[in-house]
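What's in my_file.txt: compact mmCIF, C-alpha atoms
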# COMPACT_ATOMS: atom_id res chain seq x y z
CA GLN A 1 -116.85 -61.23 160.88
CA GLN A 2 -114.74 -59.81 158.10
CA GLN A 3 -116.85 -57.41 156.10
CA VAL A 4 -114.36 -56.64 153.33
CA LYS A 5 -112.53 -59.55 151.68
CA GLN A 6 -109.45 -58.71 149.65
CA SER A 7 -107.50 -60.87 147.23
CA PRO A 8 -104.86 -61.84 146.42
CA GLN A 9 -102.71 -61.61 149.54
CA SER A 10 -99.63 -61.08 147.42
CA LEU A 11 -99.04 -60.30 143.78
CA ILE A 12 -95.99 -60.20 141.53
CA VAL A 13 -96.23 -58.31 138.26
CA GLN A 14 -93.70 -57.52 135.58
CA LYS A 15 -92.82 -53.88 134.98
CA GLY A 16 -95.25 -52.43 132.48
CA GLY A 17 -97.95 -54.99 133.26
CA ILE A 18 -101.38 -54.52 134.81
CA SER A 19 -101.82 -55.17 138.53
CA ILE A 20 -105.33 -56.14 139.62
CA ILE A 21 -106.51 -56.36 143.22
CA ASN A 22 -110.04 -57.40 144.08
CA CYS A 23 -112.32 -56.74 147.02
CA ALA A 24 -115.77 -57.93 147.97
CA TYR A 25 -118.03 -56.55 150.64
CA GLU A 26 -121.10 -57.75 152.47
CA ASN A 27 -122.75 -54.70 153.94
CA THR A 28 -124.99 -53.05 151.32
CA ALA A 29 -125.03 -49.89 153.44
CA PHE A 30 -121.42 -49.14 152.50
CA ASP A 31 -121.30 -46.07 150.30
CA TYR A 32 -117.65 -45.08 150.19
CA PHE A 33 -114.82 -47.29 148.94
CA PRO A 34 -111.26 -45.95 149.27
CA TRP A 35 -107.99 -47.63 148.38
CA TYR A 36 -104.87 -46.99 150.42
CA GLN A 37 -101.22 -47.53 149.57
CA GLN A 38 -98.69 -48.26 152.28
CA PHE A 39 -94.92 -48.30 151.96
CA PRO A 40 -92.73 -49.97 154.60
CA GLY A 41 -92.27 -47.76 157.65
CA LYS A 42 -95.06 -45.43 156.59
CA GLY A 43 -98.73 -45.09 157.36
CA PRO A 44 -101.31 -45.83 154.65
CA ALA A 45 -102.02 -43.02 152.20
CA LEU A 46 -105.26 -42.54 150.30
CA LEU A 47 -104.76 -43.48 146.66
CA ILE A 48 -108.19 -43.23 145.08
CA ALA A 49 -111.80 -43.61 146.22
CA ILE A 50 -115.17 -44.26 144.65
CA ARG A 51 -118.83 -44.00 145.58
CA PRO A 52 -121.41 -46.52 144.26
CA ASP A 53 -123.11 -44.04 141.96
CA VAL A 54 -120.36 -44.58 139.37
CA SER A 55 -118.96 -47.82 137.95
CA GLU A 56 -115.43 -46.62 137.30
CA LYS A 57 -113.04 -43.92 138.41
CA LYS A 58 -109.65 -43.27 136.90
CA GLU A 59 -106.78 -41.20 138.26
CA GLY A 60 -103.63 -41.45 136.19
CA ARG A 61 -102.54 -45.08 136.04
CA PHE A 62 -104.97 -46.10 138.82
CA THR A 63 -108.54 -47.17 138.10
CA ILE A 64 -111.27 -48.41 140.42
CA SER A 65 -113.95 -50.59 138.88
CA PHE A 66 -117.13 -50.98 140.91
CA ASN A 67 -119.87 -53.60 140.53
CA LYS A 68 -122.71 -52.76 142.88
CA SER A 69 -124.86 -55.80 142.09
CA ALA A 70 -121.98 -58.19 142.74
CA LYS A 71 -120.79 -56.16 145.74
CA GLN A 72 -117.28 -56.13 144.36
CA PHE A 73 -114.72 -53.51 143.48
CA SER A 74 -111.21 -53.70 142.15
CA LEU A 75 -108.09 -51.63 141.70
CA HIS A 76 -106.25 -51.73 138.40
CA ILE A 77 -102.74 -50.32 138.12
CA MET A 78 -101.80 -49.82 134.50
CA ASP A 79 -98.17 -49.80 133.32
CA SER A 80 -97.05 -50.98 136.77
CA GLN A 81 -93.70 -49.59 137.91
CA PRO A 82 -91.22 -50.79 140.55
CA GLY A 83 -92.15 -47.69 142.59
CA ASP A 84 -95.68 -49.09 142.87
CA SER A 85 -94.34 -51.95 145.01
CA ALA A 86 -96.23 -51.53 148.28
CA THR A 87 -99.11 -52.95 150.27
CA TYR A 88 -102.55 -51.96 149.06
CA PHE A 89 -105.67 -51.91 151.19
CA CYS A 90 -109.24 -51.63 150.05
CA ALA A 91 -111.74 -50.27 152.51
CA ALA A 92 -115.40 -49.47 152.91
CA SER A 93 -117.48 -47.22 155.09
CA THR A 94 -120.95 -45.80 155.51
CA THR A 95 -121.53 -42.07 155.62
CA GLY A 96 -122.35 -41.07 159.15
CA ASN A 97 -121.05 -44.32 160.66
CA ASP A 98 -117.61 -42.87 161.38
CA LYS A 99 -115.83 -46.19 160.94
CA ILE A 100 -113.77 -47.53 158.01
CA ILE A 101 -113.45 -51.29 157.51
CA PHE A 102 -110.24 -52.36 155.79
CA GLY A 103 -109.43 -55.44 153.76
CA LYS A 104 -106.40 -57.41 154.91
CA GLY A 105 -104.11 -55.99 152.27
CA THR A 106 -102.28 -57.11 149.15
CA ARG A 107 -98.52 -57.01 149.01
CA LEU A 108 -97.63 -55.98 145.45
CA HIS A 109 -94.17 -56.46 144.02
CA ILE A 110 -93.30 -55.11 140.59
CA LEU A 111 -90.34 -56.82 138.96
CA PRO A 112 -87.91 -54.39 137.29
CA LYS B 1 -98.37 -28.18 156.32
CA ALA B 2 -97.00 -30.71 158.78
CA GLY B 3 -98.42 -34.21 158.59
CA VAL B 4 -99.78 -36.40 161.34
CA THR B 5 -97.15 -37.08 163.97
CA GLN B 6 -97.08 -39.95 166.40
CA THR B 7 -94.88 -40.46 169.42
CA PRO B 8 -93.06 -42.50 170.32
CA ARG B 9 -92.23 -44.35 167.09
CA TYR B 10 -91.09 -47.49 168.87
CA LEU B 11 -91.93 -48.89 172.27
CA ILE B 12 -91.06 -52.07 174.13
CA LYS B 13 -93.11 -53.07 177.15
CA THR B 14 -93.65 -56.19 179.20
CA ARG B 15 -96.89 -58.02 179.88
CA GLY B 16 -99.07 -56.39 182.49
CA GLN B 17 -97.69 -52.91 181.96
CA GLN B 18 -99.66 -50.05 180.50
CA VAL B 19 -98.75 -47.75 177.65
CA THR B 20 -99.83 -44.34 176.33
CA LEU B 21 -99.40 -43.37 172.70
CA SER B 22 -99.75 -39.86 171.37
CA CYS B 23 -101.01 -38.45 168.09
CA SER B 24 -100.91 -34.88 166.81
CA PRO B 25 -103.25 -34.38 163.86
CA ILE B 26 -102.76 -32.10 160.91
CA SER B 27 -103.39 -28.51 161.91
CA GLY B 28 -107.09 -27.72 161.59
CA HIS B 29 -108.21 -31.34 161.62
CA ARG B 30 -110.69 -32.18 164.34
CA SER B 31 -111.23 -35.89 163.80
CA VAL B 32 -108.69 -38.44 164.97
CA SER B 33 -109.05 -42.19 164.44
CA TRP B 34 -106.90 -44.96 165.84
CA TYR B 35 -106.14 -48.30 164.18
CA GLN B 36 -104.26 -51.42 165.14
CA GLN B 37 -102.28 -53.07 162.34
CA THR B 38 -101.03 -56.65 162.62
CA PRO B 39 -99.92 -59.13 159.94
CA GLY B 40 -102.74 -61.51 160.80
CA GLN B 41 -105.67 -59.16 161.26
CA GLY B 42 -104.64 -56.25 159.06
CA LEU B 43 -105.94 -52.81 159.92
CA GLN B 44 -108.58 -52.78 162.61
CA PHE B 45 -110.47 -49.73 163.78
CA LEU B 46 -110.09 -48.89 167.45
CA PHE B 47 -111.98 -45.64 167.93
CA GLU B 48 -112.57 -42.18 166.55
CA TYR B 49 -112.68 -38.84 168.32
CA PHE B 50 -114.13 -35.57 167.16
CA SER B 51 -114.10 -32.40 169.24
CA GLU B 52 -113.03 -34.30 172.36
CA THR B 53 -115.90 -36.81 172.06
CA GLN B 54 -115.63 -40.46 171.13
CA ARG B 55 -117.95 -40.88 168.14
CA ASN B 56 -117.37 -44.53 167.40
CA LYS B 57 -115.60 -47.52 168.82
CA GLY B 58 -114.39 -50.77 167.32
CA ASN B 59 -114.55 -54.24 168.80
CA PHE B 60 -111.67 -54.05 171.23
CA PRO B 61 -111.70 -54.80 174.96
CA GLY B 62 -112.00 -52.05 177.52
CA ARG B 63 -108.24 -52.19 178.12
CA PHE B 64 -108.00 -49.97 175.06
CA SER B 65 -109.07 -46.41 175.69
CA GLY B 66 -108.45 -43.00 174.27
CA ARG B 67 -109.10 -39.34 174.65
CA GLN B 68 -108.83 -36.15 172.69
CA PHE B 69 -107.78 -32.76 173.95
CA SER B 70 -109.12 -29.35 173.07
CA ASN B 71 -106.26 -28.83 170.59
CA SER B 72 -107.34 -32.07 168.81
CA ARG B 73 -104.27 -33.98 169.94
CA SER B 74 -105.19 -37.48 170.96
CA GLU B 75 -103.82 -40.20 173.17
CA MET B 76 -104.62 -43.84 173.38
CA ASN B 77 -103.92 -46.01 176.38
CA VAL B 78 -103.62 -49.75 176.67
CA SER B 79 -103.66 -51.19 180.16
CA THR B 80 -102.58 -54.63 181.33
CA LEU B 81 -100.65 -55.32 178.15
CA GLU B 82 -100.84 -58.77 176.57
CA LEU B 83 -98.46 -60.37 174.08
CA GLY B 84 -101.17 -60.09 171.42
CA ASP B 85 -101.17 -56.32 171.74
CA SER B 86 -97.88 -56.20 169.84
CA ALA B 87 -98.74 -54.25 166.72
CA LEU B 88 -98.33 -51.07 164.76
CA TYR B 89 -100.73 -48.47 166.11
CA LEU B 90 -101.74 -45.90 163.55
CA CYS B 91 -103.58 -42.69 163.98
CA ALA B 92 -105.30 -40.82 161.19
CA SER B 93 -106.73 -37.34 161.10
CA SER B 94 -109.35 -35.80 158.90
CA GLY B 95 -111.37 -32.72 159.10
CA GLY B 96 -113.16 -29.80 157.83
CA ALA B 97 -116.24 -28.01 158.89
CA LEU B 98 -118.31 -31.13 158.38
CA ALA B 99 -115.74 -33.74 159.29
CA SER B 100 -116.87 -37.32 158.91
CA VAL B 101 -115.02 -40.55 158.41
CA THR B 102 -115.54 -40.38 154.68
CA ASP B 103 -113.32 -37.32 154.54
CA THR B 104 -109.82 -38.17 153.41
CA GLN B 105 -107.94 -39.68 156.31
CA TYR B 106 -104.26 -38.83 156.62
CA PHE B 107 -102.28 -41.42 158.51
CA GLY B 108 -99.27 -40.94 160.70
CA PRO B 109 -96.23 -43.27 160.52
CA GLY B 110 -97.45 -45.29 163.49
CA THR B 111 -96.05 -46.44 166.81
CA ARG B 112 -94.54 -49.92 166.79
CA LEU B 113 -95.41 -51.53 170.13
CA THR B 114 -93.68 -54.74 171.16
CA VAL B 115 -94.91 -56.56 174.24
CA LEU B 116 -92.48 -59.05 175.76
Take the structure in this file and express it as structure tokens.
Amino acid sequence: QQQVKQSPQSLIVQKGGISIINCAYENTAFDYFPWYQQFPGKGPALLIAIRPDVSEKKEGRFTISFNKSAKQFSLHIMDSQPGDSATYFCAASTTGNDKIIFGKGTRLHILP
Amino acid sequence: KAGVTQTPRYLIKTRGQQVTLSCSPISGHRSVSWYQQTPGQGLQFLFEYFSETQRNKGNFPGRFSGRQFSNSRSEMNVSTLELGDSALYLCASSGGALASVTDTQYFGPGTRLTVL
């Protein structure tokens, strides 16, 4: 049973546009929601993370929006650049559970 | 500080064989997690070790096993390989005095396993 559903599977955005990736979760015990960025030939790298006590977190051009009642969270990439082209994974975990559940990933391509 | 290293980077095996993959975490990190990444299933958690003890395990058959040494280096072993075991195997380390999975996980580049 997939506990974190991510969409879309792939996304093409023009340079300078906003990239939006959405995730939904089922387990209300999740209390940590990281996003990872993965370039070809590399392992995933933590991009930004949020806990459910806040509705939004911004780091540079990257913003996580979190809707606890809807059990959804999303990643917004403002002013998208060709260097942002990568696969993005949302994830969720529960403190003390020692296991992170990943979404299936979104392949983002930014057109130059 | 050196990152997470995994060896070997590429491996080709045949069905029925067994394989051992190695992971060296970032110096000072005590938690090592293993993941299987495939195009169809994405990133799936295999298991996590902390101070030589397995703290959690994902939903994989017993053919998948692991261990951690006193220096925090970890190995995972897959016995009786099947075609479906072809994947990128990633290890991630995290740590601090109160290491838990919600600490930032730093991933290695992975080992690409191909089973023929």
All residues 9 Å or closer to A:Gln9, all atoms listed in the file, same chain fewer than 3 positions away omitted, as a PDB file with C-alpha atoms, in the frame of the given file:
ATOM      1  CA  GLN A   6    -109.450 -58.710 149.650  1.00  0.00           C
ATOM      2  CA  LYS A 104    -106.400 -57.410 154.910  1.00  0.00           C
ATOM      3  CA  GLY A 105    -104.110 -55.990 152.270  1.00  0.00           C
ATOM      4  CA  THR A 106    -102.280 -57.110 149.150  1.00  0.00           C
ATOM      5  CA  ARG A 107     -98.520 -57.010 149.010  1.00  0.00           C
ATOM      6  CA  LEU A 108     -97.630 -55.980 145.450  1.00  0.00           C
TER       7      LEU A 108
END
*Between atom CA of A:Ser65 and atom CA of A:Ser19, what is the distance, to one decimal in Å?*
13.0 Å
*Return the neighbours of chain B among the residues of chain A, cut-off 12 Å, counting only C-alpha atoms, as a PyMOL selection string.*
chain A and resi 1-6+9+30-51+87-107
_Just the number, please: distance in Å from atom CA of B:Gly16 to atom CA of B:Met76, one decimal._
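The value is 16.5 Å.
Comparing the minimum interatomic distances between B:Tyr10 and each of B:Gln36, B:Ser27, B:Ser86, B:Ser93, counting only C-alpha atoms, we find that B:Ser86 sits nearest.
Interatomic distance, atom CA of A:Pro8 to atom CA of A:Cys23: 9.1 Å.
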Would you compute, for all listed atoms of stretch 78-85 of chain A, the axis-aligned bounding box grown by 8 Å on each side, and then report its centre and edge lengths in Å rounded to one decimal, as lines of an AutoDock Vina configuration file?
center_x = -96.5
center_y = -49.8
center_z = 139.2
size_x = 26.6
size_y = 20.3
size_z = 27.7
*Counting all atoms listed in the file, which of B:Gly84, B:Pro25, B:Pro8, B:Gly3 gets nearest to B:Gln68?*
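Closest residue, counting all atoms listed in the file: B:Pro25.
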*asked:* Considering all atoms listed in the file, can you say which of A:Ser85, A:Ser80, A:Thr63, A:Ser69 comes closest to A:Tyr25?
replied: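 With all atoms listed in the file as the atom set, the closest residue is A:Ser69.
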*Which residue of B:Arg15, B:Leu83, B:Glu75, B:Ser51 approaches B:Gly28 most closely, using all atoms listed in the file*: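 Closest candidate: B:Ser51.
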